[in-house]
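**Student:** Can you keep this structure in mind? I'll have questions shortly.
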Amino acid sequence: MTILNLGWIRAQFPALRQEMNGQPIAFLDGPGGTQVPQRVVDAIAHHLITSNANLHGAFSTSANTEILVEQARASVADFLGCDHDEVVFGANMTTLTFAISRSIGRELQAGDEIVVTSLDHDANVSPWMALAEERGVVIRTVKLHKEDCTLDMVDLAHQITERTKLVAIGYASNAVGTINNVAQAVRLAHAVGALVFVDAVHYAPHGLMNVRSLDCDFLVCSAYKFFGPHVGILYGKREHLTHFRPYKPRPAPNESPFCWETGTQNFEGLAGLVASINYLTELGQQTAPAVTNRRNALMTAMVSIQEYERSLSEYMIPHLLNIPGVTLYGISDPARFTWRTPTVGIRMMGYTPLELAKALGDRGIFTWNGNFYALNLTQQLGLESSGGLLRIGCTHYNTISEIQWMLQVLHELAVHPVAA
Ligand SMILES: Cc1ncc(COP(=O)(O)O)c(C=O)c1O
């Protein structure tokens with residue numbers, strides 16, 4: 001197993017030095033948004049100080065901004081394994097998904113079908129459901145194996161028909177950490193000529209992505225979930241980005257990918273995004289110093305992160321299951337941990353998820369509670385009306401000792417429940 005240099009990693013993130021009541025804070029809230037390395041903060045400030053201008057001006061700061069946008073596109077292309085003209089930036093994943101779904105919807109007719117899943121964040125469900133309302137598209141929803149919160153792949157095959165035009169699927173669940181067999185979904189969808197739209201927002205900080213070998217048609221992610229600022233990213237196969245027609249103002253460029261980037265972009269955010277990818281690149285180079293090519297360094301980084309995070313799951317999940325009154329929703333068998341991220345959803349007897357998150361938060365352990373917009377999931381698990389789940393989300397900057405502290409607090413709370 002690759003050993004990450006946790007000392008170097010944690011030193012990159014100034015937020016991790018914060019304290020509460022004289023104690024360090026444990027940031028177990030990564031799936032809601034990760035902390036950023038110092039270089040991301042510096043890059044944002046540097047851009048705003050030295051090159052704060054809109055595109056296409058006849059002066060140097062504007063030219064610098066144009067260079068920056070192309071640097072950002074090239075960085076993301078290496079992160080995802082595609083070409084730079086297949087990368088589109090936007091406000092966030094949700095806004096990009098609504099935009100592209102409207103353009104795809106222009107070509108759909110009543111009776112065409114779109115497949116969504118019970119495990120997805122609603123940002124990969126509602127944009128497609130809107131097409132049912134507007135164009136009479138039929139929405140089919142893939143079932144869940146409730147016992148381990150995995151997608152029912154037999155049902156997925158069943159839901160895909162000759163009328164399917166698109167399959168919308170998450171790479172990994174932001175609520176319970178399940179990694180879906182996206183490659184299989186792509187094969188099934190392509191067999192009937194349907195497109196595949198992958199939500200990789202939760203997966204992006206946890207594993208290696210290669211959109212070429214995955215062969216998906218679209219993939220979306222958000223830089224604030226992988227150590228960058230609030231910038232949305234859409235990958236689209238060139239043939240689709242040049243084929244579909246965007247909604248855009250008339251004077252805006254007609255060429256892809258620019259035609260998809262409506263309005264003025266968050267340029268300082270793009271500067272921060274480049275820095276976050278530089279951070280991951282350096283992490284990869286630390287692990288494999290001989291690697292000089294950025295894509296290869298990023299691949300090394302993500303594989304090392306995945307291995308380290310698996311060790312966090314291997315420690316955390318069996319210990320969570322040993323706490324009296326805890327129910328874990330999701331994969332709990334260590335033999336299947338390649339199919340999960342270190343994001344766990346639990347309930348504990350005697351507490352609502354909000355009460356638990358508050359009790360942990362008051363002690364400096366930051367977790368999330370609720371449905372995290374994975375509404376189909378909390379509804380199907382019958383948890384929506386009682387507050388959803390408590391989500392403990394680790395990233396590669398978290399340590400075993402932070403997990404031990406969280407487990408110890410949960411143990412203490414388990415013996416002193418607030419309600420019956
Ligand atoms: C899996 C998943 N998809 C989509 C989103 C929405 O992303 P954004 O905030 O960039 O719109 C989130 C945000 O939490 C998410 O976790």
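Residue names in the structure tokens use chain letters A, B, ... in the order shown, residue numbers from 1 in each chain, and ligand numbers from 1 in the order shown.
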For region 240-249 of chain A, work out the shell of residues within 10 Å, counting only C-alpha atoms and skipping chain neighbours fewer than 2 positions away, then give it as number ranges by chain.
**Tutor:** A: 85-88, 99-107, 195, 217-218, 235-238, 251-257, 259-263
**Student:** Taking only C-alpha atoms and all ligand atoms into account, which residues are within 6 Å of ligand 1, as an NGL selection string?
**Tutor:** :A and (32 or 92-94 or 121 or 123 or 173-174 or 199 or 201-202 or 222 or 232)
**Student:** Take the selection from the previous step and output its residues with C-alpha atoms, as an mmCIF file, in the first residue's frame.
**Tutor:**
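out-v4.cif, freshly written:
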```
data_model
loop_
_atom_site.group_PDB
_atom_site.id
_atom_site.type_symbol
_atom_site.label_atom_id
_atom_site.label_comp_id
_atom_site.auth_asym_id
_atom_site.auth_seq_id
_atom_site.Cartn_x
_atom_site.Cartn_y
_atom_site.Cartn_z
ATOM 1 C CA GLY A 32 -20.521 18.885 1.688
ATOM 2 C CA ASN A 92 -21.847 24.633 -10.142
ATOM 3 C CA MET A 93 -22.913 21.122 -11.121
ATOM 4 C CA THR A 94 -26.627 21.812 -10.627
ATOM 5 C CA HIS A 121 -28.402 13.541 -5.656
ATOM 6 C CA ALA A 123 -29.376 17.593 -9.166
ATOM 7 C CA SER A 173 -23.536 8.386 -3.557
ATOM 8 C CA ASN A 174 -22.932 11.575 -1.568
ATOM 9 C CA ASP A 199 -22.696 12.908 -11.707
ATOM 10 C CA VAL A 201 -19.446 15.352 -7.753
ATOM 11 C CA HIS A 202 -19.058 12.976 -4.819
ATOM 12 C CA SER A 222 -17.592 20.557 -8.697
ATOM 13 C CA GLY A 232 -18.753 23.704 -11.715
#
```
**Student:** Could you go through region 312-403 of chain A and tell me which residues DSSP, when run on the backbone, assigns to helix (DSSP H, G or I), listing them as a PDB file with N, CA and C atoms, in the first residue's frame?
**Tutor:**
```pdb
ATOM      1  N   LEU A 312      -9.097   4.048   5.957  1.00  0.00           N
ATOM      2  CA  LEU A 312      -9.949   4.777   6.909  1.00  0.00           C
ATOM      3  C   LEU A 312     -11.291   4.058   7.067  1.00  0.00           C
ATOM      4  N   SER A 313     -11.864   3.627   5.940  1.00  0.00           N
ATOM      5  CA  SER A 313     -13.146   2.889   6.017  1.00  0.00           C
ATOM      6  C   SER A 313     -12.973   1.600   6.802  1.00  0.00           C
ATOM      7  N   GLU A 314     -11.842   0.920   6.558  1.00  0.00           N
ATOM      8  CA  GLU A 314     -11.621  -0.379   7.227  1.00  0.00           C
ATOM      9  C   GLU A 314     -11.533  -0.198   8.742  1.00  0.00           C
ATOM     10  N   TYR A 315     -11.045   0.953   9.167  1.00  0.00           N
ATOM     11  CA  TYR A 315     -10.989   1.211  10.604  1.00  0.00           C
ATOM     12  C   TYR A 315     -12.358   1.681  11.116  1.00  0.00           C
ATOM     13  N   MET A 316     -12.920   2.651  10.413  1.00  0.00           N
ATOM     14  CA  MET A 316     -14.102   3.349  10.936  1.00  0.00           C
ATOM     15  C   MET A 316     -15.364   2.480  10.952  1.00  0.00           C
ATOM     16  N   ILE A 317     -15.610   1.737   9.872  1.00  0.00           N
ATOM     17  CA  ILE A 317     -16.928   1.099   9.737  1.00  0.00           C
ATOM     18  C   ILE A 317     -17.136  -0.026  10.757  1.00  0.00           C
ATOM     19  N   PRO A 318     -16.183  -0.969  10.936  1.00  0.00           N
ATOM     20  CA  PRO A 318     -16.414  -1.993  11.970  1.00  0.00           C
ATOM     21  C   PRO A 318     -16.571  -1.377  13.361  1.00  0.00           C
ATOM     22  N   HIS A 319     -15.830  -0.301  13.644  1.00  0.00           N
ATOM     23  CA  HIS A 319     -15.956   0.334  14.955  1.00  0.00           C
ATOM     24  C   HIS A 319     -17.313   1.022  15.112  1.00  0.00           C
ATOM     25  N   LEU A 320     -17.807   1.617  14.049  1.00  0.00           N
ATOM     26  CA  LEU A 320     -19.141   2.247  14.128  1.00  0.00           C
ATOM     27  C   LEU A 320     -20.199   1.195  14.422  1.00  0.00           C
ATOM     28  N   LEU A 321     -20.045   0.030  13.776  1.00  0.00           N
ATOM     29  CA  LEU A 321     -21.038  -1.042  13.948  1.00  0.00           C
ATOM     30  C   LEU A 321     -21.023  -1.598  15.369  1.00  0.00           C
ATOM     31  N   PRO A 334     -16.042  -5.300   4.541  1.00  0.00           N
ATOM     32  CA  PRO A 334     -14.746  -4.793   4.065  1.00  0.00           C
ATOM     33  C   PRO A 334     -14.312  -5.390   2.731  1.00  0.00           C
ATOM     34  N   ALA A 335     -14.762  -6.601   2.433  1.00  0.00           N
ATOM     35  CA  ALA A 335     -14.377  -7.231   1.164  1.00  0.00           C
ATOM     36  C   ALA A 335     -14.941  -6.450  -0.030  1.00  0.00           C
ATOM     37  N   ARG A 336     -15.951  -5.605   0.224  1.00  0.00           N
ATOM     38  CA  ARG A 336     -16.568  -4.846  -0.887  1.00  0.00           C
ATOM     39  C   ARG A 336     -16.254  -3.343  -0.808  1.00  0.00           C
ATOM     40  N   PHE A 337     -15.201  -2.998  -0.053  1.00  0.00           N
ATOM     41  CA  PHE A 337     -14.920  -1.568   0.129  1.00  0.00           C
ATOM     42  C   PHE A 337     -14.390  -0.871  -1.126  1.00  0.00           C
ATOM     43  N   THR A 338     -14.012  -1.656  -2.165  1.00  0.00           N
ATOM     44  CA  THR A 338     -13.652  -0.981  -3.418  1.00  0.00           C
ATOM     45  C   THR A 338     -14.895  -0.320  -4.023  1.00  0.00           C
ATOM     46  N   TRP A 339     -16.073  -0.713  -3.538  1.00  0.00           N
ATOM     47  CA  TRP A 339     -17.320  -0.158  -4.066  1.00  0.00           C
ATOM     48  C   TRP A 339     -17.901   0.923  -3.149  1.00  0.00           C
ATOM     49  N   PRO A 353     -30.696  12.760  13.532  1.00  0.00           N
ATOM     50  CA  PRO A 353     -29.404  13.115  12.915  1.00  0.00           C
ATOM     51  C   PRO A 353     -28.978  14.548  13.265  1.00  0.00           C
ATOM     52  N   LEU A 354     -29.946  15.460  13.358  1.00  0.00           N
ATOM     53  CA  LEU A 354     -29.584  16.846  13.703  1.00  0.00           C
ATOM     54  C   LEU A 354     -29.024  16.915  15.121  1.00  0.00           C
ATOM     55  N   GLU A 355     -29.676  16.225  16.058  1.00  0.00           N
ATOM     56  CA  GLU A 355     -29.179  16.234  17.448  1.00  0.00           C
ATOM     57  C   GLU A 355     -27.761  15.667  17.532  1.00  0.00           C
ATOM     58  N   LEU A 356     -27.540  14.629  16.750  1.00  0.00           N
ATOM     59  CA  LEU A 356     -26.221  13.990  16.761  1.00  0.00           C
ATOM     60  C   LEU A 356     -25.161  14.917  16.146  1.00  0.00           C
ATOM     61  N   ALA A 357     -25.524  15.522  15.012  1.00  0.00           N
ATOM     62  CA  ALA A 357     -24.579  16.437  14.347  1.00  0.00           C
ATOM     63  C   ALA A 357     -24.262  17.617  15.259  1.00  0.00           C
ATOM     64  N   LYS A 358     -25.274  18.066  16.007  1.00  0.00           N
ATOM     65  CA  LYS A 358     -25.075  19.208  16.911  1.00  0.00           C
ATOM     66  C   LYS A 358     -24.175  18.793  18.071  1.00  0.00           C
ATOM     67  N   ALA A 359     -24.444  17.606  18.620  1.00  0.00           N
ATOM     68  CA  ALA A 359     -23.628  17.137  19.755  1.00  0.00           C
ATOM     69  C   ALA A 359     -22.165  16.978  19.317  1.00  0.00           C
ATOM     70  N   LEU A 360     -21.955  16.466  18.125  1.00  0.00           N
ATOM     71  CA  LEU A 360     -20.580  16.318  17.610  1.00  0.00           C
ATOM     72  C   LEU A 360     -19.991  17.695  17.291  1.00  0.00           C
ATOM     73  N   GLY A 361     -20.794  18.533  16.639  1.00  0.00           N
ATOM     74  CA  GLY A 361     -20.329  19.864  16.229  1.00  0.00           C
ATOM     75  C   GLY A 361     -19.923  20.708  17.435  1.00  0.00           C
ATOM     76  N   ASP A 362     -20.668  20.589  18.532  1.00  0.00           N
ATOM     77  CA  ASP A 362     -20.354  21.350  19.756  1.00  0.00           C
ATOM     78  C   ASP A 362     -18.995  20.944  20.315  1.00  0.00           C
ATOM     79  N   LEU A 375     -32.703  12.818  -2.143  1.00  0.00           N
ATOM     80  CA  LEU A 375     -34.076  12.704  -1.651  1.00  0.00           C
ATOM     81  C   LEU A 375     -34.695  11.336  -1.928  1.00  0.00           C
ATOM     82  N   ASN A 376     -34.474  10.803  -3.148  1.00  0.00           N
ATOM     83  CA  ASN A 376     -35.036   9.477  -3.453  1.00  0.00           C
ATOM     84  C   ASN A 376     -34.557   8.444  -2.438  1.00  0.00           C
ATOM     85  N   LEU A 377     -33.289   8.567  -2.020  1.00  0.00           N
ATOM     86  CA  LEU A 377     -32.695   7.588  -1.114  1.00  0.00           C
ATOM     87  C   LEU A 377     -33.326   7.673   0.286  1.00  0.00           C
ATOM     88  N   THR A 378     -33.342   8.880   0.871  1.00  0.00           N
ATOM     89  CA  THR A 378     -33.875   8.973   2.244  1.00  0.00           C
ATOM     90  C   THR A 378     -35.365   8.637   2.264  1.00  0.00           C
ATOM     91  N   GLN A 379     -36.058   8.930   1.144  1.00  0.00           N
ATOM     92  CA  GLN A 379     -37.479   8.561   1.092  1.00  0.00           C
ATOM     93  C   GLN A 379     -37.623   7.040   1.050  1.00  0.00           C
ATOM     94  N   GLN A 380     -36.832   6.394   0.206  1.00  0.00           N
ATOM     95  CA  GLN A 380     -36.962   4.935   0.077  1.00  0.00           C
ATOM     96  C   GLN A 380     -36.522   4.205   1.331  1.00  0.00           C
ATOM     97  N   GLU A 384     -36.830  10.008   5.578  1.00  0.00           N
ATOM     98  CA  GLU A 384     -36.965  11.423   5.230  1.00  0.00           C
ATOM     99  C   GLU A 384     -37.743  12.206   6.297  1.00  0.00           C
ATOM    100  N   SER A 385     -38.833  11.617   6.794  1.00  0.00           N
ATOM    101  CA  SER A 385     -39.675  12.384   7.724  1.00  0.00           C
ATOM    102  C   SER A 385     -39.063  12.457   9.124  1.00  0.00           C
ATOM    103  N   SER A 386     -38.038  11.641   9.381  1.00  0.00           N
ATOM    104  CA  SER A 386     -37.460  11.674  10.731  1.00  0.00           C
ATOM    105  C   SER A 386     -36.048  12.266  10.729  1.00  0.00           C
ATOM    106  N   ILE A 400      -6.657   8.704  11.252  1.00  0.00           N
ATOM    107  CA  ILE A 400      -7.246   7.679  12.124  1.00  0.00           C
ATOM    108  C   ILE A 400      -7.529   8.291  13.499  1.00  0.00           C
ATOM    109  N   SER A 401      -6.659   9.183  13.982  1.00  0.00           N
ATOM    110  CA  SER A 401      -6.918   9.716  15.335  1.00  0.00           C
ATOM    111  C   SER A 401      -8.168  10.599  15.345  1.00  0.00           C
ATOM    112  N   GLU A 402      -8.465  11.299  14.255  1.00  0.00           N
ATOM    113  CA  GLU A 402      -9.727  12.063  14.216  1.00  0.00           C
ATOM    114  C   GLU A 402     -10.913  11.099  14.271  1.00  0.00           C
ATOM    115  N   ILE A 403     -10.788   9.986  13.549  1.00  0.00           N
ATOM    116  CA  ILE A 403     -11.879   8.999  13.533  1.00  0.00           C
ATOM    117  C   ILE A 403     -12.037   8.390  14.931  1.00  0.00           C
TER     118      ILE A 403
END
```
**Student:** Counting only C-alpha atoms, which residue out of A:Val220, A:Leu214, A:Ala157, A:Ala275 sits closest to Thr97 (chain A)?
**Tutor:**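 Residue with the minimum atom-to-atom distance to Thr97 (chain A): A:Val220.
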**Student:** Show me, as a list in words, the residues that have an atom within 7 Å of region 265-272 of chain A when counting only C-alpha atoms, minus same-chain residues fewer than 6 positions from it.
**Tutor:**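 Neighbouring residues, sequence-local ones excluded: Val40, Val41, Ala43, Ile44, His47, Leu48, Leu68, Val69, Ala72, Gly90, Gly228, Pro229, His230 and Val231 of chain A.
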**Student:** Give me the residues of region 362-407 of chain A that have any atom at most 9 Å from an atom of region 5-24 of chain A; for each, the nearest atom pair and the distance in Å, rounded to one decimal. Use only C-alpha atoms, sort by chain and number, and format it as a tab-separated table.
**Tutor:**
```
residue	atom	partner	partner_atom	distance
A:Asp362	CA	A:Met20	CA	8.9
A:Arg363	CA	A:Met20	CA	7.9
A:Gly364	CA	A:Met20	CA	6.0
A:Ile365	CA	A:Pro24	CA	9.0
A:His396	CA	A:Leu6	CA	8.3
A:Tyr397	CA	A:Arg10	CA	5.9
A:Asn398	CA	A:Arg10	CA	8.3
A:Thr399	CA	A:Leu6	CA	8.0
```
**Student:** When distances are computed from only C-alpha atoms, which of A:Leu28, A:Tyr329, A:Thr65, A:Ser60 shows the smallest separation from His46 (chain A)?
**Tutor:**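 When distances to His46 (chain A) are compared using only C-alpha atoms, the smallest one comes from A:Thr65.
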**Student:** Select, from A:His158, A:Leu166, A:Ile25, A:Arg310, the residue with the minimum atom-to-atom distance to Trp405 (chain A), counting only C-alpha atoms.
**Tutor:**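 For Trp405 (chain A), the nearest of the candidates is A:Ile25.
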**Student:** From a DSSP pass on the backbone, collect the residues of region 138-183 of chain A flagged as strand (DSSP E) and hand them back as a list in words.
**Tutor:** Val138, Ile139, Arg140, Thr141, Val142, Leu144, His145, Thr150, Leu151, Thr164, Lys165, Leu166, Val167, Ala168, Ile169 and Gly170 of chain A
**Student:** Between CA of Met153 (chain A) and CA of Ala185 (chain A), measure the distance and give it in Å to one decimal.
**Tutor:**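 It comes out at 8.1 Å.
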**Student:** Which value, in Å to one decimal, gives the distance between CA of Gln38 (chain A) and CA of Ala74 (chain A)?
**Tutor:** 21.6 Å
